[in-house]
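Asks: Here it is: the structure, laid out below.
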Amino acid sequence: MKYEKDAAAIIAAVGGDENISSLYHCVTRLRFGLKDNTKADQAALTAIGPVVGVNDAGSQYQVIIGNDVPLVHKAIVAELPRLATSEDLAADAPADTTGGKQKLHTRFFDFIAGVFAPILPAIAGAGLLKGVLALINAFGWVDPTSQTFLIFSAFADAVFFFLPIVVAVSAARKLNANPYVAASLGAVLVYPALTTMLSAGEPVALLGVTVTSVSYAYSVIPVLLGVYLMSWAERLFTKIIPSFLKLTFVPMLTLVTVVPITLVALGPLGTFVGNGVAGGINWALDNGGAPAGFVIGALLPLIIMTGMHYTLVPFILQNLATLGYDKFLPLTYVQTFATAGAVFGVFLRAKNAQIKALSLSTTFTALMGVTEPALYGLALPLRRPLIASMAGAGVGGAISLGFGVQAYVLAGNGGLPGLPGLVGATFGWAILGIVLAFIVSTVVSAILGIDESILAKTSEKPAAAPVTSPTAAAPATASTDRSAADAPLAPSSGELIASPMAGELISLDDVPDKTFSQRLVGDGAAIRPTSGRVTSPVTGEVVTVFPTKHAVAIRSDEGTEVLIHIGIDTVSLQGRGFDAHVAEGDRVAVGDPLIDVDLDAVSATNDTVTVIVVTNLGLRSIVPGTPGTRGNGDPLMHVLATIHADATTKEQTA
């Protein structure tokens, strides 16, 4: 392994294995959770080859690596396999990094999304298989009593029957609890002998306390409550039990304490609450009829954009388990096809070749159940297609609820591949609602038209004023003074880096993160954004989109590697407030949308100042533009092939 020796040296320099409680990485640095930060040897760390700096942030000890941080992280995990669970940053970053500043409902939505988003692939895969089995059974293509069919049914049903175990593991990871102890808790709830005892109709007691007869197979809320209590109990026992006894006594005492409380109180309570909420939702879906369908359908694009639909997943699963069907799921199909129709209307009206090609490709991906490119790449920026999608989804929703359309499995795909999930008595009405949603959205989108200038490329705009260097305040020195010649730079004097965001251009010196202000990972500039749209600053290839979507790296056609880091320490948000429109390997041009940021949500807990640095300067230098306001695509800085006198020392030290 390339960084095997460096990994061992880093482990030793931060105080050794016994001093490391956690580890994950962001786009440029390793983020250690150390038991005692004073045991870390900063001088020893900075002497290690790939380490370019260290930042003691209190709760985190940050070792700055740069572009190769994933490789160094992988090498450290190879040395300390117990840290492997933190390799997936999106799932395993510390759960509470906001200092309690988030509002209660925001934390609740984040918790639900964080629990169910990782397990949806398993649920969706099994759900789609259930839909296919239902389809071939409906057409009489298979004997439902055959061993082959029953075995395939087990493939599809197992994850739902043992859902408490799957949910327990995911919830524990979200809460920073032991996922395997949580799995044990979930397993107790579906343990065959206990299930048989509770379903026998005879009174059951635990230490003289009555245990309510409840079936926990297919359930989610009881185990969520149990794991939440377990996370607190585990922390308590970890604090009070001596270190040499923790390995066995913490899990044992956690289970002995939490499982009885779950069986006696939390499980029945969770079942009662789940049935009550699901009953209320189902009452609205059953009795609201076409008007409710129109309102919910029209609002669904906005609901999905905020992630609030994740909060309904537990109740959808409960409906499927107890009723055998759900009426909310068909509305998600309607929304998917409405979005596809809206961008198809853009295709019909567009004159710009690039917009026409983009709208046609996103129509296809939306029909296949992937609506993000259409929604964020076209509907939101152009606005009118979003209105069209809401109109189509409203009409389709009215048909769906008006005729009681039902979904029978959670297929995890609201497009064409997921249609088997709707196969049943109301399948015909489901198809009618979907088709009408697509047609209405297409027609409304075509009638409303589009303002193509919104998506016009920078090359199609009037040429902006050339970037000028800051006014020279003093003779060039080896200090942090970035001054250069006063004369404007002609575009031919270097590669132009465009502004990826609208806002106020500031110097890296003013960035409240010394990793960037000291130019440890590269030189460049920063923006205090006024708008959340992030666009490509160069034409080239997307090299990296970090899992938490707070950073993206692009290699220009000229070979310049540009890192855009949105906000300070926003890796802690675990993707909340960020929506990416590109993936690694995508080609982008200047002005193409990369990421959308909810600045209000991010600014509630983090500084939104955005850093744009060149990470492979080599013998080149940066000439930033004059501080002031910038719009997306406006000139930001130049990368020069020659080094200014004042940049020489900085390049050598960086």
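Residues in the structure tokens are numbered from 1 in each chain, the chains being A, B, ... in the order shown, and ligands are numbered from 1 in the order shown.
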Would you pick out the contacts of A:Ile165 at 6 Å or less, using only C-alpha atoms, so that residues sharing its chain but fewer than 6 positions from it are not included, and give the list as a list in words?
Replies: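 Here the qualifying residues turn out to be Ala183, Gly186 and Ala187 of chain A.
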Asks: Per DSSP on the backbone, what are the alpha helix (DSSP H) residues of stretch 485-602 of chain A, as a PyMOL selection string?
Replies: chain A and resi 514-517+599-602
Asks: Those same residues - N, CA, C and O atoms - I'd like them written as a CSV table (one decimal), in the first residue's frame.
Replies:
```
chain,number,residue,atom,x,y,z
A,514,LYS,N,-7.3,28.1,9.0
A,514,LYS,CA,-5.9,28.3,8.7
A,514,LYS,C,-5.5,27.3,7.6
A,514,LYS,O,-4.4,27.5,7.0
A,515,THR,N,-6.2,26.1,7.4
A,515,THR,CA,-5.8,25.2,6.4
A,515,THR,C,-5.8,26.0,5.0
A,515,THR,O,-5.0,25.8,4.2
A,516,PHE,N,-6.8,26.8,4.9
A,516,PHE,CA,-7.0,27.6,3.6
A,516,PHE,C,-6.2,28.9,3.7
A,516,PHE,O,-5.6,29.3,2.7
A,517,SER,N,-6.4,29.6,4.8
A,517,SER,CA,-5.7,30.9,4.9
A,517,SER,C,-4.2,30.9,4.8
A,517,SER,O,-3.6,31.8,4.4
A,599,LEU,N,-28.3,28.2,1.7
A,599,LEU,CA,-27.5,29.0,2.5
A,599,LEU,C,-28.1,29.3,3.9
A,599,LEU,O,-27.4,29.4,4.9
A,600,ASP,N,-29.4,29.4,4.0
A,600,ASP,CA,-30.0,29.7,5.3
A,600,ASP,C,-29.8,28.6,6.2
A,600,ASP,O,-29.5,28.8,7.4
A,601,ALA,N,-30.0,27.3,5.7
A,601,ALA,CA,-29.8,26.2,6.6
A,601,ALA,C,-28.4,26.0,7.0
A,601,ALA,O,-28.1,25.7,8.2
A,602,VAL,N,-27.4,26.2,6.1
A,602,VAL,CA,-26.0,26.0,6.4
A,602,VAL,C,-25.5,27.1,7.4
A,602,VAL,O,-24.8,26.9,8.3
```
Asks: Enter the distance from atom CA of A:Ala44 to atom CA of A:Pro81, in Å, rounded to one decimal.
Replies: 23.3 Å
Asks: Can you measure atom CA of A:Val543 to atom CA of A:Arg519 for me? One decimal in Å is fine.
Replies: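 Computing the Euclidean distance for atom CA of A:Val543 and atom CA of A:Arg519 yields 20.6 Å.
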Asks: Can you list every residue of stretch 303-389 of chain A that has an atom at most 12 Å from stretch 156-160 of chain A, with its nearest atom pair and the distance in Å to one decimal, using only C-alpha atoms, ordered by chain then number, as a Markdown table?
Replies:
```
| residue | atom | partner | partner_atom | distance |
| --- | --- | --- | --- | --- |
| A:Pro314 | CA | A:Phe160 | CA | 11.7 |
| A:Leu317 | CA | A:Phe160 | CA | 8.4 |
| A:Gln318 | CA | A:Phe160 | CA | 10.1 |
| A:Leu320 | CA | A:Phe160 | CA | 9.7 |
| A:Ala321 | CA | A:Phe160 | CA | 8.3 |
| A:Thr322 | CA | A:Phe160 | CA | 11.9 |
```
Asks: Residues near stretch 253-270 of chain A, anyone? I mean within 9 Å using only C-alpha atoms, not counting same-chain ones fewer than 5 positions away, as a PyMOL selection string.
Replies: chain A and resi 181-182+184-185+188-189+205-206+209-214+216+220-227+229-231+233-234+237+248+275
Asks: Only C-alpha atoms, please: the residues just picked out, written as a PDB file, in the first residue's frame.
Replies:
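File written: selection38.pdb
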```
ATOM      1  CA  VAL A 181     -25.581  -4.338  20.155  1.00  0.00           C
ATOM      2  CA  ALA A 182     -28.434  -2.492  18.433  1.00  0.00           C
ATOM      3  CA  SER A 184     -29.150  -7.692  19.082  1.00  0.00           C
ATOM      4  CA  LEU A 185     -31.923  -5.465  20.401  1.00  0.00           C
ATOM      5  CA  VAL A 188     -34.939  -9.826  20.315  1.00  0.00           C
ATOM      6  CA  LEU A 189     -38.086  -8.186  18.939  1.00  0.00           C
ATOM      7  CA  ALA A 205     -45.032 -11.080  32.159  1.00  0.00           C
ATOM      8  CA  LEU A 206     -41.436  -9.980  32.632  1.00  0.00           C
ATOM      9  CA  VAL A 209     -44.724  -6.643  34.670  1.00  0.00           C
ATOM     10  CA  THR A 210     -47.152  -7.387  31.849  1.00  0.00           C
ATOM     11  CA  VAL A 211     -45.681  -7.496  28.363  1.00  0.00           C
ATOM     12  CA  THR A 212     -48.190  -6.257  25.789  1.00  0.00           C
ATOM     13  CA  SER A 213     -48.841  -8.685  22.971  1.00  0.00           C
ATOM     14  CA  VAL A 214     -47.386  -6.926  19.940  1.00  0.00           C
ATOM     15  CA  TYR A 216     -42.713  -6.437  15.830  1.00  0.00           C
ATOM     16  CA  VAL A 220     -39.798   0.364  12.668  1.00  0.00           C
ATOM     17  CA  ILE A 221     -40.937   2.847  15.340  1.00  0.00           C
ATOM     18  CA  PRO A 222     -40.571   0.531  18.387  1.00  0.00           C
ATOM     19  CA  VAL A 223     -36.973  -0.298  17.526  1.00  0.00           C
ATOM     20  CA  LEU A 224     -36.167   3.370  16.794  1.00  0.00           C
ATOM     21  CA  LEU A 225     -37.288   4.260  20.320  1.00  0.00           C
ATOM     22  CA  GLY A 226     -35.348   1.329  21.743  1.00  0.00           C
ATOM     23  CA  VAL A 227     -32.100   2.238  19.978  1.00  0.00           C
ATOM     24  CA  LEU A 229     -32.678   4.798  24.647  1.00  0.00           C
ATOM     25  CA  MET A 230     -29.812   2.347  24.055  1.00  0.00           C
ATOM     26  CA  SER A 231     -27.527   5.137  22.812  1.00  0.00           C
ATOM     27  CA  ALA A 233     -27.593   3.875  28.227  1.00  0.00           C
ATOM     28  CA  GLU A 234     -24.443   2.864  26.369  1.00  0.00           C
ATOM     29  CA  PHE A 237     -22.296   2.672  31.231  1.00  0.00           C
ATOM     30  CA  THR A 248     -18.287  -7.229  28.040  1.00  0.00           C
ATOM     31  CA  ASN A 275     -50.762   3.088  14.307  1.00  0.00           C
TER      32      ASN A 275
END
```
Asks: Please list as an MDAnalysis selection string every residue within 12 Å of A:Leu285, counting only C-alpha atoms and excluding residues in the same chain fewer than 4 positions away.
Replies: chainID A and resid 278:281 289:297 326:331 397:398 400:406
Asks: Give me the residues within 12 Å of A:Thr362 as an MDAnalysis selection string, counting only C-alpha atoms and dropping any in the same chain fewer than 2 places off.
Replies: chainID A and resid 336:337 339:347 355:360 364:379 581
Asks: Let me see the file: selected residues, N, CA and C atoms, as a JSON list (two decimals), in the first residue's frame.
Replies:
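Output contents, as saved in again-v9.json:
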```
[["chain", "number", "residue", "atom", "x", "y", "z"],
["A", 336, "THR", "N", -42.89, 11.82, -10.21],
["A", 336, "THR", "CA", -41.77, 11.47, -11.09],
["A", 336, "THR", "C", -42.11, 11.71, -12.55],
["A", 337, "PHE", "N", -43.29, 11.23, -12.97],
["A", 337, "PHE", "CA", -43.66, 11.38, -14.38],
["A", 337, "PHE", "C", -44.04, 12.83, -14.70],
["A", 339, "THR", "N", -42.50, 15.43, -13.42],
["A", 339, "THR", "CA", -41.20, 16.08, -13.62],
["A", 339, "THR", "C", -40.65, 15.76, -15.00],
["A", 340, "ALA", "N", -40.78, 14.49, -15.41],
["A", 340, "ALA", "CA", -40.33, 14.10, -16.75],
["A", 340, "ALA", "C", -41.08, 14.88, -17.82],
["A", 341, "GLY", "N", -42.39, 15.03, -17.65],
["A", 341, "GLY", "CA", -43.18, 15.78, -18.62],
["A", 341, "GLY", "C", -42.80, 17.24, -18.69],
["A", 342, "ALA", "N", -42.49, 17.84, -17.53],
["A", 342, "ALA", "CA", -42.12, 19.25, -17.49],
["A", 342, "ALA", "C", -40.85, 19.52, -18.29],
["A", 343, "VAL", "N", -39.84, 18.66, -18.12],
["A", 343, "VAL", "CA", -38.59, 18.90, -18.87],
["A", 343, "VAL", "C", -38.73, 18.47, -20.34],
["A", 344, "PHE", "N", -39.67, 17.57, -20.62],
["A", 344, "PHE", "CA", -39.95, 17.25, -22.03],
["A", 344, "PHE", "C", -40.58, 18.45, -22.72],
["A", 345, "GLY", "N", -41.40, 19.20, -21.98],
["A", 345, "GLY", "CA", -41.94, 20.44, -22.52],
["A", 345, "GLY", "C", -40.84, 21.44, -22.81],
["A", 346, "VAL", "N", -39.80, 21.47, -21.98],
["A", 346, "VAL", "CA", -38.63, 22.32, -22.25],
["A", 346, "VAL", "C", -37.98, 21.89, -23.57],
["A", 347, "PHE", "N", -37.86, 20.60, -23.78],
["A", 347, "PHE", "CA", -37.28, 20.09, -25.03],
["A", 347, "PHE", "C", -38.09, 20.57, -26.24],
["A", 355, "ILE", "N", -29.45, 23.25, -24.33],
["A", 355, "ILE", "CA", -30.61, 23.09, -23.46],
["A", 355, "ILE", "C", -31.53, 22.00, -24.01],
["A", 356, "LYS", "N", -31.65, 21.94, -25.32],
["A", 356, "LYS", "CA", -32.50, 20.92, -25.94],
["A", 356, "LYS", "C", -31.96, 19.52, -25.64],
["A", 357, "ALA", "N", -30.65, 19.35, -25.77],
["A", 357, "ALA", "CA", -30.04, 18.05, -25.49],
["A", 357, "ALA", "C", -30.17, 17.69, -24.01],
["A", 358, "LEU", "N", -29.93, 18.68, -23.14],
["A", 358, "LEU", "CA", -30.03, 18.44, -21.70],
["A", 358, "LEU", "C", -31.44, 18.06, -21.30],
["A", 359, "SER", "N", -32.42, 18.75, -21.84],
["A", 359, "SER", "CA", -33.82, 18.46, -21.47],
["A", 359, "SER", "C", -34.25, 17.08, -21.95],
["A", 360, "LEU", "N", -33.78, 16.66, -23.12],
["A", 360, "LEU", "CA", -34.16, 15.33, -23.61],
["A", 360, "LEU", "C", -33.51, 14.24, -22.77],
["A", 364, "PHE", "N", -35.42, 11.36, -20.12],
["A", 364, "PHE", "CA", -35.23, 9.91, -20.09],
["A", 364, "PHE", "C", -34.86, 9.44, -18.68],
["A", 365, "THR", "N", -33.90, 10.15, -18.04],
["A", 365, "THR", "CA", -33.50, 9.72, -16.70],
["A", 365, "THR", "C", -34.65, 9.85, -15.71],
["A", 366, "ALA", "N", -35.50, 10.87, -15.88],
["A", 366, "ALA", "CA", -36.65, 11.01, -14.99],
["A", 366, "ALA", "C", -37.64, 9.88, -15.20],
["A", 367, "LEU", "N", -37.88, 9.50, -16.45],
["A", 367, "LEU", "CA", -38.77, 8.38, -16.72],
["A", 367, "LEU", "C", -38.25, 7.08, -16.10],
["A", 368, "MET", "N", -36.94, 6.99, -15.96],
["A", 368, "MET", "CA", -36.35, 5.81, -15.34],
["A", 368, "MET", "C", -36.30, 5.93, -13.81],
["A", 369, "GLY", "N", -36.90, 7.01, -13.27],
["A", 369, "GLY", "CA", -37.03, 7.14, -11.83],
["A", 369, "GLY", "C", -36.00, 8.01, -11.16],
["A", 370, "VAL", "N", -35.08, 8.64, -11.94],
["A", 370, "VAL", "CA", -34.06, 9.51, -11.37],
["A", 370, "VAL", "C", -34.40, 10.94, -11.77],
["A", 371, "THR", "N", -35.02, 11.68, -10.86],
["A", 371, "THR", "CA", -35.53, 13.01, -11.21],
["A", 371, "THR", "C", -34.59, 14.15, -10.84],
["A", 372, "GLU", "N", -33.53, 13.87, -10.08],
["A", 372, "GLU", "CA", -32.67, 14.96, -9.62],
["A", 372, "GLU", "C", -32.09, 15.80, -10.76],
["A", 373, "PRO", "N", -31.54, 15.19, -11.83],
["A", 373, "PRO", "CA", -31.01, 16.02, -12.92],
["A", 373, "PRO", "C", -32.06, 16.94, -13.53],
["A", 374, "ALA", "N", -33.28, 16.42, -13.70],
["A", 374, "ALA", "CA", -34.35, 17.24, -14.28],
["A", 374, "ALA", "C", -34.81, 18.32, -13.31],
["A", 375, "LEU", "N", -34.96, 17.94, -12.05],
["A", 375, "LEU", "CA", -35.50, 18.86, -11.06],
["A", 375, "LEU", "C", -34.52, 19.99, -10.76],
["A", 376, "TYR", "N", -33.26, 19.62, -10.51],
["A", 376, "TYR", "CA", -32.28, 20.63, -10.10],
["A", 376, "TYR", "C", -31.54, 21.26, -11.27],
["A", 377, "GLY", "N", -31.43, 20.52, -12.38],
["A", 377, "GLY", "CA", -30.71, 21.06, -13.52],
["A", 377, "GLY", "C", -31.55, 21.96, -14.41],
["A", 378, "LEU", "N", -32.88, 21.72, -14.45],
["A", 378, "LEU", "CA", -33.74, 22.48, -15.36],
["A", 378, "LEU", "C", -34.94, 23.12, -14.65],
["A", 379, "ALA", "N", -35.73, 22.28, -13.96],
["A", 379, "ALA", "CA", -37.00, 22.77, -13.41],
["A", 379, "ALA", "C", -36.79, 23.91, -12.42],
["A", 581, "HIS", "N", -25.42, 18.10, -8.54],
["A", 581, "HIS", "CA", -25.97, 17.83, -9.86],
["A", 581, "HIS", "C", -24.99, 17.13, -10.79]]
```
Asks: Can you tell me how far atom CA of A:Asp41 sits from atom CA of A:Asn606, in Å to one decimal?
Replies: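 Distance reported for this atom pair: 28.5 Å.
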Asks: Write out as a list in words which residues come within 10 Å of A:Gly503 when counting only C-alpha atoms, dropping same-chain ones fewer than 6 positions away.
Replies: Ala526, Ile527, Arg528, Pro529, Thr530, Ser531, Gly532, Val609, Thr610, Gly628, Thr629, Arg630, Gly631 and Asn632 of chain A
Asks: Quick one: pick out all strand (DSSP E or B) residues within stretch 30-65 of chain A from a backbone DSSP run and write them as a PyMOL selection string.
Replies: chain A and resi 30-34+53-56+61-64
